[in-house]
Each structure stands twice: as C-alpha cells, then as structure tokens.
file structure_17.cif (mmCIF, C-alpha atoms)
data_start
#
loop_
_atom_site.label_atom_id
_atom_site.label_comp_id
_atom_site.auth_asym_id
_atom_site.auth_seq_id
_atom_site.Cartn_x
_atom_site.Cartn_y
_atom_site.Cartn_z
CA MET A 85 8.19 17.94 3.66
CA PHE A 86 7.98 17.00 -0.01
CA ASP A 87 6.08 19.50 -2.19
CA PHE A 88 2.92 17.76 -3.45
CA THR A 89 1.79 20.70 -5.58
CA GLY A 90 0.01 19.33 -8.64
CA TRP A 91 -0.88 16.03 -6.95
CA GLU A 92 -4.45 15.00 -6.09
CA LYS A 93 -4.89 14.99 -2.31
CA ILE A 94 -6.43 11.83 -0.82
CA ASN A 95 -6.01 12.98 2.79
CA GLU A 96 -3.40 14.77 4.89
CA ASP A 97 -1.03 11.80 4.59
CA ALA A 98 -1.54 10.53 1.04
CA PHE A 99 -1.45 11.93 -2.49
CA VAL A 100 -1.88 10.51 -5.99
CA LEU A 101 -0.37 11.61 -9.30
CA ARG A 102 -2.87 10.43 -11.87
CA GLY A 103 -1.62 8.80 -15.07
CA PHE A 104 2.03 9.60 -14.36
CA ILE A 105 3.34 6.33 -15.81
CA PRO A 106 2.69 6.00 -19.59
CA GLU A 107 0.61 3.07 -20.80
CA ASP A 108 3.45 1.40 -22.69
CA MET A 109 5.69 1.54 -19.60
CA CYS A 110 2.89 0.09 -17.46
CA ASN A 111 2.41 -2.74 -19.97
CA GLU A 112 6.12 -3.55 -20.01
CA ALA A 113 6.33 -3.55 -16.21
CA PHE A 114 3.16 -5.68 -16.01
CA GLU A 115 4.74 -8.30 -18.28
CA GLU A 116 7.90 -8.17 -16.19
CA SER A 117 5.80 -8.85 -13.08
CA PHE A 118 3.94 -11.68 -14.81
CA ARG A 119 7.20 -13.36 -15.77
CA GLY A 120 8.36 -12.97 -12.18
CA SER A 121 5.30 -14.82 -10.92
CA ASN A 122 6.52 -17.86 -12.85
CA SER A 123 10.09 -17.62 -11.53
CA PRO A 124 11.63 -19.19 -8.41
CA ASN A 125 12.32 -15.70 -7.00
CA LYS A 126 8.76 -14.98 -5.93
CA TYR A 127 7.87 -15.13 -2.25
CA VAL A 128 4.46 -15.92 -0.78
CA ASN A 129 3.99 -15.29 2.92
CA PRO A 130 2.54 -18.52 4.38
CA GLN A 131 0.43 -16.40 6.76
CA ASN A 132 -0.85 -14.24 3.89
CA LYS A 133 -1.39 -16.61 1.00
CA GLY A 134 -2.61 -15.05 -2.20
CA ILE A 135 -0.16 -12.13 -2.15
CA GLU A 136 3.15 -12.52 -3.98
CA LEU A 137 6.28 -10.49 -3.39
CA ILE A 138 8.15 -10.93 -6.66
CA GLY A 139 11.92 -10.68 -6.99
CA GLY A 140 13.94 -10.29 -10.15
CA SER A 141 14.38 -7.41 -12.55
CA MET A 142 12.85 -3.94 -12.41
CA LEU A 143 12.29 -1.79 -15.49
CA PRO A 144 15.06 0.87 -15.45
CA ALA A 145 12.89 3.49 -17.17
CA LEU A 146 10.24 3.08 -14.48
CA VAL A 147 12.78 3.48 -11.69
CA LYS A 148 14.26 6.57 -13.36
CA LYS A 149 10.86 8.22 -13.80
CA ILE A 150 10.15 7.88 -10.06
CA GLU A 151 13.66 9.02 -9.11
CA ASN A 152 13.14 12.17 -11.19
CA LEU A 153 10.16 13.12 -9.00
CA PHE A 154 12.47 13.51 -6.00
CA GLU A 155 15.56 14.84 -7.77
CA GLY A 156 17.06 17.86 -6.02
CA THR A 157 15.21 17.21 -2.74
CA GLN A 158 16.29 15.80 0.62
CA TYR A 159 14.63 12.51 -0.35
CA GLU A 160 16.09 9.41 -1.97
CA VAL A 161 14.10 6.63 -3.65
CA GLY A 162 14.87 2.92 -3.32
CA THR A 163 13.61 -0.62 -2.66
CA PHE A 164 11.47 -1.14 -5.77
CA LEU A 165 9.41 -4.36 -5.55
CA HIS A 166 6.82 -6.12 -7.70
CA TRP A 167 3.60 -7.36 -6.03
CA TYR A 168 0.69 -9.49 -7.20
CA SER A 169 -2.62 -10.13 -5.39
CA GLU A 170 -4.92 -12.98 -6.40
CA PRO A 171 -8.59 -12.23 -7.19
CA GLY A 172 -10.57 -11.98 -3.97
CA LYS A 173 -7.50 -11.32 -1.81
CA ALA A 174 -7.51 -8.01 0.06
CA PHE A 175 -4.38 -6.33 1.43
CA GLY A 176 -4.78 -5.90 5.19
CA ILE A 177 -4.30 -2.67 7.12
CA HIS A 178 -0.67 -1.85 7.83
CA ARG A 179 1.94 0.92 7.95
CA ASP A 180 4.73 1.04 5.39
CA ASP A 181 7.33 1.60 8.10
CA GLN A 182 6.47 -1.57 10.05
CA ALA A 183 8.60 -3.86 7.88
CA HIS A 184 12.26 -4.13 8.87
CA ASP A 185 14.50 -2.02 6.64
CA PRO A 186 18.30 -2.00 6.93
CA HIS A 187 18.57 1.44 5.32
CA PRO A 188 20.31 3.89 7.71
CA LYS A 189 17.96 6.78 6.93
CA LYS A 190 14.32 7.33 7.92
CA LYS A 191 11.61 5.78 5.78
CA ALA A 192 9.51 8.89 5.10
CA PHE A 193 7.06 7.70 2.44
CA GLY A 194 5.82 4.55 0.78
CA GLY A 195 4.88 4.60 -2.89
CA VAL A 196 2.68 2.44 -5.13
CA ILE A 197 2.57 2.33 -8.94
CA TYR A 198 -0.54 0.73 -10.48
CA LEU A 199 0.20 -1.24 -13.65
CA ALA A 200 -3.36 -2.06 -14.80
CA GLU A 201 -7.00 -1.08 -14.50
CA MET A 202 -8.70 -3.04 -11.73
CA ASP A 203 -12.26 -3.98 -10.86
CA GLY A 204 -12.01 -3.17 -7.16
CA GLY A 205 -8.73 -2.65 -5.34
CA GLU A 206 -9.75 0.58 -3.63
CA LEU A 207 -7.00 1.99 -1.43
CA TYR A 208 -8.40 3.12 1.93
CA TYR A 209 -7.30 4.85 5.13
CA PRO A 210 -9.35 3.94 8.23
CA VAL A 211 -8.24 6.72 10.59
CA SER A 212 -9.31 9.51 8.21
CA ASN A 213 -12.09 7.39 6.62
CA THR A 214 -10.88 8.24 3.14
CA TRP A 215 -10.40 6.07 0.08
CA MET A 216 -9.57 6.31 -3.61
CA GLN A 217 -9.89 4.16 -6.72
CA PRO A 218 -6.49 3.71 -8.38
CA HIS A 219 -6.19 3.59 -12.15
CA LYS A 220 -3.53 2.36 -14.53
CA GLY A 221 -0.46 4.61 -14.44
CA ASP A 222 -1.31 6.25 -11.11
CA VAL A 223 1.41 6.81 -8.53
CA VAL A 224 0.44 7.06 -4.83
CA VAL A 225 2.86 8.44 -2.26
CA GLN A 226 1.85 8.31 1.39
CA SER A 227 3.40 8.84 4.79
CA SER A 228 5.16 5.69 5.93
CA ALA A 229 3.30 6.05 9.25
CA VAL A 230 -0.27 6.16 7.89
CA LEU A 231 -2.46 3.08 8.30
CA HIS A 232 -3.93 1.87 5.01
CA GLY A 233 -5.18 -1.21 3.19
CA ALA A 234 -6.65 -2.23 -0.15
CA ASN A 235 -9.81 -4.05 -1.15
CA SER A 236 -9.65 -7.17 -3.28
CA VAL A 237 -10.08 -7.23 -7.06
CA THR A 238 -12.21 -9.59 -9.13
CA GLY A 239 -9.80 -9.89 -12.05
CA ASP A 240 -6.35 -11.40 -12.44
CA ASN A 241 -4.68 -8.00 -12.85
CA LYS A 242 -3.69 -6.62 -9.42
CA ARG A 243 -0.03 -6.02 -10.21
CA THR A 244 1.76 -3.10 -8.62
CA VAL A 245 5.25 -1.81 -7.98
CA THR A 246 6.06 -0.38 -4.57
CA PHE A 247 8.99 1.82 -3.58
CA VAL A 248 10.33 3.55 -0.49
CA VAL A 249 11.30 7.20 -0.09
CA TYR A 250 13.98 7.93 2.53
CA ASP A 251 14.59 11.25 4.26
CA MET A 252 18.35 11.66 3.98
CA LEU A 253 18.37 14.27 6.76
CA LYS A 254 16.94 11.93 9.41
CA ASP A 255 18.29 8.69 10.84
CA ALA A 256 16.24 5.51 10.73
CA GLU A 257 14.00 4.62 13.65
CA GLU A 258 12.32 1.28 14.20
CA MET A 259 9.64 0.10 16.64
CA SER A 260 8.88 -3.48 17.63
CA GLN A 261 6.32 -5.51 15.69
CA GLU A 262 4.29 -5.75 18.90
CA TRP A 263 4.12 -1.94 19.03
CA TYR A 264 2.83 -1.76 15.47
CA ILE A 265 0.14 -4.38 16.08
CA GLU A 266 -1.06 -2.64 19.25
CA HIS A 267 -1.05 0.74 17.49
CA ARG A 268 -2.98 -0.65 14.50
CA ASN A 269 -5.59 -2.41 16.62
CA LYS A 270 -6.19 0.64 18.82
CA ALA A 271 -6.49 2.90 15.76
CA ILE A 272 -9.02 0.54 14.13
CA ARG A 273 -11.15 0.31 17.28
CA GLU A 274 -11.23 4.10 17.54
CA SER A 275 -12.04 4.65 13.83
CA LYS A 276 -15.80 4.51 14.41
CA GLU A 277 -16.74 6.41 11.26
CA TRP A 278 -14.69 4.04 9.11
CA LEU A 279 -16.08 0.92 10.84
CA GLU A 280 -19.61 2.11 10.02
CA SER A 281 -18.70 2.87 6.38
CA PRO A 282 -19.37 0.34 3.58
CA ILE A 283 -15.66 -0.54 3.39
CA GLY A 284 -15.26 -0.81 7.15
CA GLN A 285 -18.33 -3.03 7.51
CA ARG A 286 -16.82 -5.55 5.08
CA TRP A 287 -13.86 -5.88 7.43
CA GLN A 288 -15.68 -6.07 10.76
CA LYS A 289 -16.08 -9.85 10.86
CA GLU A 290 -12.43 -10.33 9.93
CA TRP A 291 -11.33 -7.96 12.69
CA SER A 292 -13.37 -10.02 15.15
CA TRP A 293 -11.62 -13.21 13.98
CA TRP A 294 -8.28 -11.54 14.64
CA LYS A 295 -9.49 -10.30 18.06
CA VAL A 296 -9.09 -6.67 17.02
CA LEU A 297 -12.81 -6.13 17.68
CA GLU A 298 -15.08 -7.94 20.08
CA GLU A 299 -17.56 -10.18 18.25
CA ASP A 300 -20.50 -8.63 20.12
CA ASP A 301 -19.52 -5.20 18.80
CA VAL A 302 -19.54 -6.52 15.24
CA LEU A 303 -22.99 -8.08 15.62
CA GLU A 304 -24.35 -4.81 16.99
CA GLU A 305 -23.06 -2.93 13.95
CA GLU A 306 -24.54 -5.53 11.55
CA ASP A 307 -27.94 -5.28 13.26
CA GLN A 308 -28.16 -1.52 12.76
#

call {"tool": "encode", "arguments": {"input": "structure_17.cif", "output": "structure tokens"}}
result
Amino acid sequence: MFDFTGWEKINEDAFVLRGFIPEDMCNEAFEESFRGSNSPNKYVNPQNKGIELIGGSMLPALVKKIENLFEGTQYEVGTFLHWYSEPGKAFGIHRDDQAHDPHPKKKAFGGVIYLAEMDGGELYYPVSNTWMQPHKGDVVVQSSAVLHGANSVTGDNKRTVTFVVYDMLKDAEEMSQEWYIEHRNKAIRESKEWLESPIGQRWQKEWSWWKVLEEDDVLEEEDQ
C-alpha cells in the first residue's frame, strides 16, 4: 500500500494533497486544456454530453511532479488526460477501474489534479458518505475500486487532469461492464445514509430515471 503520510484523509480509500501543484503550473495546464477544447482531438461521449475528454499535449513538468510522488515505490504512473465539464454538468458515480485499460498491470489508484478554483464540484463517496471540496492545485489519489462522483460547478472552470497509478507487482484484472453497473447500483441502494444526505437527495430523482432506485422510494424520501 502506498504511504499516504502527510496527506489529508478523505476516507479509507481516498486522500488529498492540498496545494501540491503550484499556481503557475496550474495556470499553464489550464491554458493547455482550454486550447485542447478547441482542437479536433477532444472527445465528447454522446451518452454523457457536457463532459469533454481532451487529447493532445500534457505539460511535462506536471507529469514529472506526479511521477516524483511515486518514485522508488512499487507503483508506476501513467495515462494522463485532460477533462472539462460544462457548468451544471455533474460527473456520475463510477469506479476508476471500470474503464478498459490495456496496461498489463493492476490499476491500483486513480488520481485527479484540480487546475482552478470552482464554485461547486464537490467530490463525494456514497458508500462512506464522505465528501470534500477540491481547490486549485490539489491532488486526489483514491482506490481504483471506490465509487465516487462529483457535483456540478456554476462557472466555466471545471478543468482537471486525471492519471492512473499501476501496481507493478500485480497483474491486471478486468470485470465486465455489466458487473460494474450491478455493483454500483447495489452499492447506491444500500448507501442509505448518503441517499438521505443533502448531496444524495439531489441525485435521488436521477437514480429513479436510471432505474437504480424505485420512484416510490424517492418520493418517500422527498416527503420526509
């Protein structure tokens, strides 16, 4: 297990290193992301409009600073990607290991670098009913198996860089997408404390649309 001494603990599966990326590096990476949004390399999932996966260049100094965190350990960093979320667009609950990855070693952690201050954008974890407000320069590293999501922002500044941390001592393992969906839905239904929380209540109607929750259950919660 990676040594998270000196990191702020969010829960048993997630940690944040506050202000690790300097402001000037954040600004440069933000501009790089902005340019990428206007390039033909960006990708928008037609089932998840409003979230851009941006291709193109990645600031070498930013990559090196993250690589240095894991230097001398059994872990290797890779797959750096720019992301942009439109105002009002939340990032749904998922696991970082549910996306196909051709890497031969196990995806141990997912990481997020926040490039700007945001109004909103709280990162939350339904199973443990924990959440945190990211700030510019923060780096979050979380278990690739932990369910998490992010609230929407009101401004045009939700630009992040994600990365993957591989355990070089363990071989890759991959489950079917159907398994992940069933696991996520079951975990959400059983996360009663989170569903009754302010963040969870905002999601209840959406979960009923997606048939994760029964509509009658949602109405009962809203009536309380």

call {"tool": "closest_residue", "arguments": {"input": "structure_17.cif", "among": "A:Ser212, A:Gly162, A:Phe154, A:Lys220", "to": "Met109 of chain A", "atoms": "all atoms listed in the file"}}
result
A:Lys220

call {"tool": "resolve_selection", "arguments": {"input": "structure_17.cif", "expression": "the PyMOL selection byres ((chain A and resi 178) around 9)", "output": "JSON, numbers by chain"}}
result
{"A": [175, 176, 177, 179, 180, 181, 182, 229, 230, 231, 232, 233, 264, 265, 268]}

call {"tool": "closest_residue", "arguments": {"input": "structure_17.cif", "among": "A:Asn152, A:Thr157, A:Thr246, A:Asn132", "to": "Asp87 of chain A", "atoms": "all atoms listed in the file"}}
result
A:Thr157

call {"tool": "atom_distance", "arguments": {"input": "structure_17.cif", "atom1": "atom CA of Lys191 of chain A", "atom2": "atom CA of Val161 of chain A"}}
result
9.8 Å

call {"tool": "closest_residue", "arguments": {"input": "structure_17.cif", "among": "A:Gln261, A:Tyr159, A:Ala200, A:Ser141", "to": "Ala183 of chain A", "atoms": "only C-alpha atoms"}}
result
A:Gln261

call {"tool": "resolve_selection", "arguments": {"input": "structure_17.cif", "expression": "the PyMOL selection byres ((chain A and resi 198) around 7)", "output": "ChimeraX atom specification"}}
result
/A:196-197,199-200,218-223,243-245

call {"tool": "resolve_selection", "arguments": {"input": "structure_17.cif", "expression": "the PyMOL selection byres ((chain A and resi 128) around 12)", "output": "ChimeraX atom specification"}}
result
/A:121,124-127,129-139,167-170

call {"tool": "atom_distance", "arguments": {"input": "structure_17.cif", "atom1": "atom CA of Leu146 of chain A", "atom2": "atom CA of Glu206 of chain A"}}
result
22.9 Å

call {"tool": "atom_distance", "arguments": {"input": "structure_17.cif", "atom1": "atom CA of Ile150 of chain A", "atom2": "atom CA of Ala98 of chain A"}}
result
16.3 Å

call {"tool": "residues_around", "arguments": {"input": "structure_17.cif", "residues": "segment 283-299 of chain A", "least_positions_apart": "2", "cutoff": "12 Å", "atoms": "only C-alpha atoms", "output": "ChimeraX atom specification"}}
result
/A:174-177,204-216,232-236,265-281,301-308

call {"tool": "write_last_selection", "arguments": {"input": "structure_17.cif", "atoms": "C-alpha atoms", "output": "short mmCIF file (atom, residue, chain, number, x, y, z; two decimals), keeping the file's coordinate frame"}}
result
data_model
loop_
_atom_site.label_atom_id
_atom_site.label_comp_id
_atom_site.auth_asym_id
_atom_site.auth_seq_id
_atom_site.Cartn_x
_atom_site.Cartn_y
_atom_site.Cartn_z
CA ALA A 174 -7.51 -8.01 0.06
CA PHE A 175 -4.38 -6.33 1.43
CA GLY A 176 -4.78 -5.90 5.19
CA ILE A 177 -4.30 -2.67 7.12
CA GLY A 204 -12.01 -3.17 -7.16
CA GLY A 205 -8.73 -2.65 -5.34
CA GLU A 206 -9.75 0.58 -3.63
CA LEU A 207 -7.00 1.99 -1.43
CA TYR A 208 -8.40 3.12 1.93
CA TYR A 209 -7.30 4.85 5.13
CA PRO A 210 -9.35 3.94 8.23
CA VAL A 211 -8.24 6.72 10.59
CA SER A 212 -9.31 9.51 8.21
CA ASN A 213 -12.09 7.39 6.62
CA THR A 214 -10.88 8.24 3.14
CA TRP A 215 -10.40 6.07 0.08
CA MET A 216 -9.57 6.31 -3.61
CA HIS A 232 -3.93 1.87 5.01
CA GLY A 233 -5.18 -1.21 3.19
CA ALA A 234 -6.65 -2.23 -0.15
CA ASN A 235 -9.81 -4.05 -1.15
CA SER A 236 -9.65 -7.17 -3.28
CA ILE A 265 0.14 -4.38 16.08
CA GLU A 266 -1.06 -2.64 19.25
CA HIS A 267 -1.05 0.74 17.49
CA ARG A 268 -2.98 -0.65 14.50
CA ASN A 269 -5.59 -2.41 16.62
CA LYS A 270 -6.19 0.64 18.82
CA ALA A 271 -6.49 2.90 15.76
CA ILE A 272 -9.02 0.54 14.13
CA ARG A 273 -11.15 0.31 17.28
CA GLU A 274 -11.23 4.10 17.54
CA SER A 275 -12.04 4.65 13.83
CA LYS A 276 -15.80 4.51 14.41
CA GLU A 277 -16.74 6.41 11.26
CA TRP A 278 -14.69 4.04 9.11
CA LEU A 279 -16.08 0.92 10.84
CA GLU A 280 -19.61 2.11 10.02
CA SER A 281 -18.70 2.87 6.38
CA ASP A 301 -19.52 -5.20 18.80
CA VAL A 302 -19.54 -6.52 15.24
CA LEU A 303 -22.99 -8.08 15.62
CA GLU A 304 -24.35 -4.81 16.99
CA GLU A 305 -23.06 -2.93 13.95
CA GLU A 306 -24.54 -5.53 11.55
CA ASP A 307 -27.94 -5.28 13.26
CA GLN A 308 -28.16 -1.52 12.76
#

call {"tool": "closest_residue", "arguments": {"input": "structure_17.cif", "among": "A:Leu153, A:Ala256, A:Cys110, A:Leu101", "to": "Ala192 of chain A", "atoms": "all atoms listed in the file"}}
result
A:Ala256

call {"tool": "residues_around", "arguments": {"input": "structure_17.cif", "residues": "Asp255 of chain A", "least_positions_apart": "4", "cutoff": "8 Å", "atoms": "all atoms listed in the file", "output": "list in words"}}
result
Pro188, Lys189, Lys190 and Asp251 of chain A
